[in-house]
$ cat coords-v1.csv   # CSV, C-alpha atoms
chain,number,residue,atom,x,y,z
A,1,MET,CA,-31.5,-39.9,0.8
A,2,SER,CA,-32.4,-40.0,-2.9
A,3,GLU,CA,-29.7,-39.9,-5.7
A,4,LYS,CA,-31.1,-36.5,-6.7
A,5,LYS,CA,-30.6,-35.1,-3.2
A,6,VAL,CA,-27.1,-36.6,-2.9
A,7,GLU,CA,-26.2,-35.0,-6.2
A,8,MET,CA,-27.6,-31.6,-5.0
A,9,SER,CA,-25.6,-32.0,-1.7
A,10,LYS,CA,-22.4,-32.5,-3.6
A,11,THR,CA,-23.0,-29.5,-5.8
A,12,MET,CA,-23.6,-27.3,-2.7
A,13,LYS,CA,-20.4,-28.5,-1.1
A,14,GLU,CA,-18.5,-27.7,-4.3
A,15,ARG,CA,-19.9,-24.1,-4.3
A,16,LEU,CA,-19.1,-23.6,-0.7
A,17,ALA,CA,-15.6,-25.0,-0.8
A,18,PRO,CA,-12.8,-22.4,-0.6
A,19,LYS,CA,-11.6,-21.4,-4.1
A,20,GLN,CA,-7.9,-21.9,-5.0
A,21,PHE,CA,-6.7,-18.8,-6.8
A,22,THR,CA,-3.7,-18.7,-9.1
A,23,LYS,CA,-1.6,-15.8,-7.9
A,24,THR,CA,0.5,-14.1,-10.6
A,25,PRO,CA,3.7,-12.2,-9.7
A,26,ILE,CA,4.1,-8.7,-11.1
A,27,ASN,CA,6.6,-9.2,-13.9
A,28,GLY,CA,9.9,-7.4,-13.6
A,29,THR,CA,9.8,-7.3,-9.8
A,30,LYS,CA,11.1,-9.6,-7.0
A,31,ASN,CA,8.8,-8.5,-4.1
A,32,THR,CA,5.4,-6.8,-3.9
A,33,ILE,CA,4.5,-5.0,-0.6
A,34,LEU,CA,1.1,-3.6,0.0
A,35,VAL,CA,0.7,-0.5,2.1
A,36,SER,CA,-2.8,-0.4,3.4
A,37,SER,CA,-4.8,1.4,6.0
A,38,ALA,CA,-8.5,0.2,5.9
A,39,LYS,CA,-9.3,3.7,7.1
A,40,GLY,CA,-9.0,6.9,5.0
A,41,GLY,CA,-7.3,10.0,6.2
A,42,VAL,CA,-4.5,8.5,8.2
A,43,GLY,CA,-1.6,9.6,5.9
A,44,LYS,CA,-1.1,6.2,4.2
A,45,SER,CA,0.0,7.5,0.8
A,46,THR,CA,2.6,9.8,2.4
A,47,VAL,CA,3.9,6.9,4.5
A,48,ALA,CA,3.9,4.6,1.4
A,49,ILE,CA,6.0,6.9,-0.8
A,50,ASN,CA,8.5,7.8,2.0
A,51,LEU,CA,8.9,4.2,2.9
A,52,ALA,CA,9.6,3.4,-0.8
A,53,PHE,CA,12.5,5.9,-0.9
A,54,ALA,CA,13.7,4.8,2.5
A,55,LEU,CA,14.1,1.3,0.9
A,56,GLN,CA,15.8,2.9,-2.0
A,57,ASN,CA,18.3,4.5,0.4
A,58,LEU,CA,19.1,1.0,1.6
A,59,GLY,CA,20.2,0.1,-1.9
A,60,LEU,CA,17.0,-1.4,-3.3
A,61,LYS,CA,15.6,-0.7,-6.8
A,62,ILE,CA,12.0,0.4,-6.2
A,63,GLY,CA,8.7,0.7,-8.0
A,64,ILE,CA,5.7,2.6,-6.8
A,65,LEU,CA,2.2,1.5,-7.8
A,66,ASP,CA,-0.7,3.7,-6.9
A,67,ALA,CA,-3.7,1.3,-6.7
A,68,ASP,CA,-6.2,3.9,-5.5
A,69,VAL,CA,-8.2,4.2,-8.7
A,70,TYR,CA,-10.8,6.7,-7.3
A,71,GLY,CA,-8.3,9.0,-5.5
A,72,PRO,CA,-4.8,8.6,-7.0
A,73,SER,CA,-2.1,10.5,-5.0
A,74,LEU,CA,1.1,9.6,-6.7
A,75,PRO,CA,1.1,12.2,-9.4
A,76,LYS,CA,1.0,15.0,-6.7
A,77,LEU,CA,3.4,13.2,-4.3
A,78,ILE,CA,6.1,12.8,-6.9
A,79,LYS,CA,5.2,15.7,-9.2
A,80,LEU,CA,4.6,13.8,-12.3
A,81,ASN,CA,1.8,14.6,-14.9
A,82,GLU,CA,3.0,12.8,-18.0
A,83,LYS,CA,1.2,10.0,-19.7
A,84,PRO,CA,2.8,6.6,-19.9
A,85,LYS,CA,3.9,5.5,-23.4
A,86,SER,CA,3.3,2.1,-25.1
A,87,GLU,CA,5.4,0.7,-27.8
A,88,ASP,CA,3.0,-2.0,-28.9
A,89,GLY,CA,-0.4,-0.5,-27.9
A,90,LYS,CA,-0.8,-3.1,-25.3
A,91,ALA,CA,1.8,-2.8,-22.5
A,92,LEU,CA,2.5,0.5,-20.7
A,93,ILE,CA,6.0,1.8,-19.8
A,94,PRO,CA,6.1,3.1,-16.3
A,95,LEU,CA,7.2,6.7,-15.7
A,96,GLU,CA,10.4,7.3,-13.9
A,97,LYS,CA,11.3,9.9,-11.2
A,98,TYR,CA,14.2,9.9,-8.8
A,99,ASP,CA,15.3,6.5,-10.1
A,100,ALA,CA,11.9,5.0,-9.1
A,101,GLN,CA,9.5,3.4,-11.7
A,102,CYS,CA,6.0,4.7,-11.1
A,103,MET,CA,2.4,3.9,-12.3
A,104,SER,CA,-0.9,5.4,-11.3
A,105,MET,CA,-4.4,5.8,-12.8
A,106,GLY,CA,-3.7,9.5,-12.2
A,107,PHE,CA,-1.2,9.4,-15.1
A,108,LEU,CA,-3.9,8.2,-17.5
A,109,VAL,CA,-6.7,10.7,-16.7
A,110,ASP,CA,-6.9,14.4,-16.0
A,111,GLU,CA,-6.3,15.4,-12.4
A,112,GLN,CA,-9.8,16.7,-11.9
A,113,THR,CA,-11.7,13.9,-13.7
A,114,PRO,CA,-13.8,11.9,-11.3
A,115,MET,CA,-13.5,8.1,-11.7
A,116,ILE,CA,-17.2,7.1,-11.8
A,117,TRP,CA,-16.6,3.4,-12.2
A,118,ARG,CA,-18.2,0.3,-11.0
A,119,GLY,CA,-16.3,-2.6,-9.5
A,120,PRO,CA,-15.6,-4.6,-12.7
A,121,MET,CA,-13.9,-1.5,-14.3
A,122,VAL,CA,-11.8,-1.0,-11.2
A,123,ILE,CA,-10.6,-4.6,-11.3
A,124,SER,CA,-9.8,-4.3,-15.1
A,125,ALA,CA,-7.7,-1.2,-14.4
A,126,LEU,CA,-5.9,-3.0,-11.6
A,127,LYS,CA,-5.1,-5.9,-13.9
A,128,THR,CA,-3.7,-3.5,-16.4
A,129,MET,CA,-1.4,-1.9,-13.9
A,130,THR,CA,-0.2,-5.3,-12.5
A,131,GLN,CA,-0.1,-7.4,-15.7
A,132,LYS,CA,0.4,-4.9,-18.5
A,133,VAL,CA,3.1,-2.6,-17.2
A,134,LEU,CA,6.7,-3.2,-18.2
A,135,TRP,CA,8.2,-3.0,-14.8
A,136,LYS,CA,12.0,-3.7,-15.1
A,137,ASP,CA,14.5,-5.1,-12.7
A,138,ARG,CA,12.8,-3.9,-9.5
A,139,ASP,CA,13.7,-5.4,-6.1
A,140,VAL,CA,10.4,-4.3,-4.6
A,141,ILE,CA,7.2,-2.7,-5.7
A,142,ILE,CA,5.4,-0.6,-3.0
A,143,VAL,CA,1.7,-0.6,-3.7
A,144,ASP,CA,-0.3,2.3,-2.2
A,145,MET,CA,-3.7,0.7,-1.5
A,146,PRO,CA,-7.0,2.6,-1.3
A,147,PRO,CA,-8.8,2.6,2.0
A,148,GLY,CA,-11.3,-0.1,2.8
A,149,THR,CA,-11.5,-3.8,2.3
A,150,GLY,CA,-13.2,-3.9,-1.1
A,151,ASP,CA,-12.5,-4.9,-4.8
A,152,THR,CA,-8.9,-3.6,-4.9
A,153,GLN,CA,-7.9,-5.5,-1.7
A,154,LEU,CA,-9.5,-8.7,-2.8
A,155,THR,CA,-8.0,-8.5,-6.3
A,156,PHE,CA,-4.5,-8.2,-4.9
A,157,ALA,CA,-5.1,-10.9,-2.2
A,158,GLN,CA,-6.6,-13.4,-4.6
A,159,GLU,CA,-4.8,-12.8,-7.9
A,160,VAL,CA,-1.4,-11.1,-7.3
A,161,LYS,CA,1.6,-12.8,-5.6
A,162,VAL,CA,2.0,-10.5,-2.6
A,163,ASP,CA,5.0,-10.8,-0.3
A,164,GLY,CA,3.6,-8.9,2.5
A,165,ALA,CA,1.3,-6.1,3.7
A,166,ILE,CA,2.0,-3.1,6.0
A,167,ILE,CA,-0.9,-1.5,7.8
A,168,VAL,CA,-0.8,2.2,8.6
A,169,SER,CA,-3.1,3.9,11.2
A,170,THR,CA,-3.4,6.8,13.5
A,171,PRO,CA,-3.7,5.8,17.2
A,172,GLN,CA,-7.3,6.8,17.9
A,173,ASP,CA,-10.0,4.2,18.5
A,174,LEU,CA,-12.1,5.2,15.4
A,175,ALA,CA,-9.3,4.5,13.0
A,176,LEU,CA,-8.3,1.2,14.8
A,177,LEU,CA,-11.8,-0.2,14.3
A,178,ASP,CA,-11.2,-0.4,10.5
A,179,VAL,CA,-7.6,-1.5,11.0
A,180,LYS,CA,-8.8,-4.6,12.9
A,181,ARG,CA,-11.1,-5.4,10.0
A,182,GLY,CA,-8.2,-5.0,7.6
A,183,ILE,CA,-6.0,-7.3,9.7
A,184,GLN,CA,-8.6,-10.0,9.6
A,185,MET,CA,-9.1,-9.6,5.9
A,186,PHE,CA,-5.4,-10.1,5.1
A,187,ASP,CA,-5.3,-13.1,7.6
A,188,LYS,CA,-8.3,-14.7,5.9
A,189,THR,CA,-6.9,-14.2,2.4
A,190,GLY,CA,-3.5,-15.5,3.3
A,191,VAL,CA,-1.5,-12.3,2.9
A,192,LYS,CA,1.3,-12.0,5.4
A,193,ILE,CA,1.2,-8.9,7.5
A,194,LEU,CA,4.7,-7.5,7.9
A,195,GLY,CA,3.7,-5.1,10.7
A,196,LEU,CA,1.8,-2.0,11.7
A,197,ILE,CA,2.9,1.7,11.6
A,198,ASP,CA,1.6,4.4,14.0
A,199,ASN,CA,1.4,7.5,11.8
A,200,MET,CA,0.7,11.0,13.2
A,201,SER,CA,1.8,9.5,16.5
A,202,TYR,CA,2.7,12.7,18.1
A,203,PHE,CA,3.5,16.4,17.5
A,204,LYS,CA,6.7,17.9,18.9
A,205,GLY,CA,6.2,21.4,20.0
A,206,ASP,CA,8.7,24.3,20.2
A,207,ASP,CA,9.1,23.4,23.9
A,208,GLY,CA,10.5,20.0,22.9
A,209,LYS,CA,7.5,18.1,24.4
A,210,GLU,CA,5.7,15.4,22.5
A,211,TYR,CA,1.9,16.0,22.3
A,212,LYS,CA,-0.2,12.8,21.6
A,213,ILE,CA,-2.9,14.5,19.7
A,214,PHE,CA,-4.7,11.4,18.5
A,215,GLY,CA,-4.1,9.3,21.6
A,216,GLU,CA,-1.3,7.0,22.6
A,217,SER,CA,-0.3,3.3,22.1
A,218,GLY,CA,-3.4,2.4,20.1
A,219,VAL,CA,-1.6,1.0,17.1
A,220,GLU,CA,1.0,-0.7,19.3
A,221,ASN,CA,-1.7,-2.4,21.4
A,222,THR,CA,-3.6,-3.5,18.3
A,223,ALA,CA,-0.4,-5.1,17.0
A,224,LYS,CA,0.0,-7.0,20.3
A,225,GLU,CA,-3.7,-8.0,20.2
A,226,PHE,CA,-3.4,-9.7,16.8
A,227,ASP,CA,0.2,-10.9,17.3
A,228,LYS,CA,1.7,-8.7,14.6
A,229,GLU,CA,4.9,-6.8,14.6
A,230,PHE,CA,4.9,-3.1,15.5
A,231,LEU,CA,7.2,-1.3,13.1
A,232,GLY,CA,7.4,2.1,14.6
A,233,HIS,CA,6.0,5.7,15.2
A,234,ILE,CA,5.9,8.5,12.6
A,235,PRO,CA,5.2,11.9,14.0
A,236,ILE,CA,3.2,14.9,12.6
A,237,HIS,CA,5.9,17.1,11.1
A,238,GLN,CA,5.7,20.2,8.8
A,239,ASP,CA,8.6,19.1,6.7
A,240,LEU,CA,6.9,15.8,5.9
A,241,ARG,CA,3.9,17.6,4.7
A,242,SER,CA,5.7,20.3,2.8
A,243,SER,CA,7.9,17.8,1.0
A,244,ALA,CA,4.9,15.9,-0.1
A,245,ASP,CA,3.2,19.1,-1.4
A,246,LYS,CA,6.4,19.9,-3.4
A,247,GLY,CA,6.5,16.4,-5.0
A,248,ASP,CA,9.8,15.5,-3.5
A,249,PRO,CA,9.4,13.0,-0.6
A,250,LEU,CA,11.3,13.8,2.6
A,251,THR,CA,13.2,10.5,2.6
A,252,HIS,CA,14.5,11.3,-0.9
A,253,SER,CA,15.1,15.1,-0.5
A,254,ASN,CA,16.5,14.9,3.0
A,255,PRO,CA,17.5,11.4,4.0
A,256,ASP,CA,19.2,12.7,7.2
A,257,HIS,CA,16.1,14.4,8.5
A,258,GLU,CA,15.0,13.1,11.9
A,259,VAL,CA,11.7,11.8,10.4
A,260,SER,CA,13.6,10.2,7.5
A,261,LYS,CA,15.7,8.3,10.0
A,262,LEU,CA,12.5,6.9,11.6
A,263,PHE,CA,11.4,5.7,8.1
A,264,LYS,CA,14.9,4.2,7.7
A,265,ASN,CA,14.5,2.1,10.9
A,266,ILE,CA,11.1,0.8,9.6
A,267,ALA,CA,12.6,0.1,6.1
A,268,GLU,CA,15.4,-1.9,7.7
A,269,LYS,CA,12.9,-4.1,9.5
A,270,ILE,CA,10.9,-4.6,6.3
A,271,LYS,CA,14.0,-5.4,4.2
A,272,GLN,CA,15.0,-8.1,6.7
A,273,SER,CA,11.5,-9.7,6.4
A,274,PHE,CA,11.8,-10.5,2.7
A,275,LEU,CA,15.5,-10.5,1.9
$ encode --input "coords-v1.csv" --output "structure tokens"
Amino acid sequence: MSEKKVEMSKTMKERLAPKQFTKTPINGTKNTILVSSAKGGVGKSTVAINLAFALQNLGLKIGILDADVYGPSLPKLIKLNEKPKSEDGKALIPLEKYDAQCMSMGFLVDEQTPMIWRGPMVISALKTMTQKVLWKDRDVIIVDMPPGTGDTQLTFAQEVKVDGAIIVSTPQDLALLDVKRGIQMFDKTGVKILGLIDNMSYFKGDDGKEYKIFGESGVENTAKEFDKEFLGHIPIHQDLRSSADKGDPLTHSNPDHEVSKLFKNIAEKIKQSFL
């Protein structure tokens, strides 16, 4: 082989070699937990915010970062529509509600303004929310991730020091197809999966029976298939929905509710995994 060919071969190897990324922790926080779904429409944002306040009920100081640039939910879920302030024109001060520090692209734009952005702009916005927000003295930041396995997920996996990810799904096969892709994405990028949550697991009728509207055991079986922990079931419940619509999450407004207790059980497992 000629010297030129040898040189080209080395260049190709360098290009194909796995990149080593420098992962930066979110300043002012001790732990960063991603709540992901890979599939849209499974109630991930409602789970994320209730899980955050369940952790707060366990004595942790929490932050909530809404990383869904295209469809931010946090302003509605926590009933906040103020704009974050900046003392130096560079760093943003997170908003506060119910003793939680909060940040979302929804605080920076009008509620009905569509985010017609390409990937690089999304990545820039994420870097602002992770590197230029003055989070202060937080034990844990819960990051509400957008659906899919795209720019946002890769940005967090490659550039942010993440302490773990939680995957939320409904139990039907269609949702689980995307969940399996999400599990493999986190595994390949070296993000520890803390476990899976089965959301909308069942509906309890007035007769006291549990109706498995979306199927049964799908999330639990997927956890077993990929050797991940199954964290628990969250049912369909009117109070969970109405509290989200009111902007006061159920685990905050009624921590003794039967559904809040289920979130508490999951929060205790998560707390044990990183403390």
$ atom_distance --input "coords-v1.csv" --atom1 "CA of Thr251 in chain A" --atom2 "CA of Ile93 in chain A"
25.1 Å
$ residues_near_point --input "coords-v1.csv" --point "(-8.8, -4.0, 4.4)" --cutoff "9 Å" --atoms "only C-alpha atoms" --output "compact mmCIF listing (two decimals) with C-alpha atoms, keeping the file's coordinate frame"
# COMPACT_ATOMS: atom_id res chain seq x y z
CA SER A 36 -2.80 -0.40 3.40
CA SER A 37 -4.80 1.40 6.00
CA ALA A 38 -8.50 0.20 5.90
CA LYS A 39 -9.30 3.70 7.10
CA PRO A 146 -7.00 2.60 -1.30
CA PRO A 147 -8.80 2.60 2.00
CA GLY A 148 -11.30 -0.10 2.80
CA THR A 149 -11.50 -3.80 2.30
CA GLY A 150 -13.20 -3.90 -1.10
CA GLN A 153 -7.90 -5.50 -1.70
CA LEU A 154 -9.50 -8.70 -2.80
CA ILE A 167 -0.90 -1.50 7.80
CA ASP A 178 -11.20 -0.40 10.50
CA VAL A 179 -7.60 -1.50 11.00
CA LYS A 180 -8.80 -4.60 12.90
CA ARG A 181 -11.10 -5.40 10.00
CA GLY A 182 -8.20 -5.00 7.60
CA ILE A 183 -6.00 -7.30 9.70
CA GLN A 184 -8.60 -10.00 9.60
CA MET A 185 -9.10 -9.60 5.90
CA PHE A 186 -5.40 -10.10 5.10
$ residues_around --input "coords-v1.csv" --residues "range 232-244 of chain A" --least-positions-apart "6" --cutoff "10 Å" --atoms "only C-alpha atoms" --output "ChimeraX atom specification"
/A:43,45-47,49-50,74,76-79,170-171,195-205,210-213,217,219-220,250-254,257-260,262-263,265-266,269
$ residues_near_point --input "coords-v1.csv" --point "(11.7, 8.2, -14.0)" --cutoff "12 Å" --atoms "only C-alpha atoms" --output "ChimeraX atom specification"
/A:62-64,78-82,84,93-103,135-136
$ closest_residue --input "coords-v1.csv" --among "A:Ile33, A:Asn27, A:Ile270, A:Thr22" --to "Gly164 in chain A" --atoms "only C-alpha atoms"
A:Ile33
$ atom_distance --input "coords-v1.csv" --atom1 "CA of Leu176 in chain A" --atom2 "CA of Gly41 in chain A"
12.3 Å
$ atom_distance --input "coords-v1.csv" --atom1 "CA of Leu177 in chain A" --atom2 "CA of Ile193 in chain A"
17.1 Å
$ closest_residue --input "coords-v1.csv" --among "A:Pro255, A:Lys264, A:Lys132, A:Val42" --to "Ser86 in chain A" --atoms "all atoms listed in the file"
A:Lys132
$ axis_aligned_box --input "coords-v1.csv" --around "range 59-71 of chain A" --padding-each-side "3 Å" --output "JSON"
{"center_x": 4.7, "center_y": 3.8, "center_z": -5.3, "size_x": 37.0, "size_y": 16.4, "size_z": 12.8}
$ residues_around --input "coords-v1.csv" --residues "Trp117 in chain A" --least-positions-apart "6" --cutoff "12 Å" --atoms "all atoms listed in the file" --output "list of chain:residue names"
A:Val69, A:Tyr70, A:Ile123, A:Ser124, A:Ala125, A:Asp151
$ residues_around --input "coords-v1.csv" --residues "Thr128 in chain A" --least-positions-apart "5" --cutoff "9 Å" --atoms "only C-alpha atoms" --output "PDB file with C-alpha atoms, in the frame of the given file"
ATOM      1  CA  ALA A  91       1.800  -2.800 -22.500  1.00  0.00           C
ATOM      2  CA  LEU A  92       2.500   0.500 -20.700  1.00  0.00           C
ATOM      3  CA  ILE A 123     -10.600  -4.600 -11.300  1.00  0.00           C
ATOM      4  CA  VAL A 133       3.100  -2.600 -17.200  1.00  0.00           C
TER       5      VAL A 133
END
$ closest_atom_pairs --input "coords-v1.csv" --of "range 112-199 of chain A" --to "range 65-68 of chain A" --cutoff "9 Å" --atoms "only C-alpha atoms" --output "Markdown table"
| residue | atom | partner | partner_atom | distance |
| --- | --- | --- | --- | --- |
| A:Leu126 | CA | A:Ala67 | CA | 6.9 |
| A:Met129 | CA | A:Leu65 | CA | 7.9 |
| A:Thr130 | CA | A:Leu65 | CA | 8.6 |
| A:Ile141 | CA | A:Leu65 | CA | 6.9 |
| A:Ile142 | CA | A:Leu65 | CA | 6.1 |
| A:Val143 | CA | A:Leu65 | CA | 4.6 |
| A:Asp144 | CA | A:Asp66 | CA | 4.9 |
| A:Met145 | CA | A:Ala67 | CA | 5.2 |
| A:Pro146 | CA | A:Asp68 | CA | 4.5 |
| A:Pro147 | CA | A:Asp68 | CA | 8.0 |
| A:Thr152 | CA | A:Ala67 | CA | 7.4 |
$ closest_residue --input "coords-v1.csv" --among "A:Asp207, A:Ala165, A:Lys44, A:Ile26" --to "Leu134 in chain A" --atoms "only C-alpha atoms"
A:Ile26
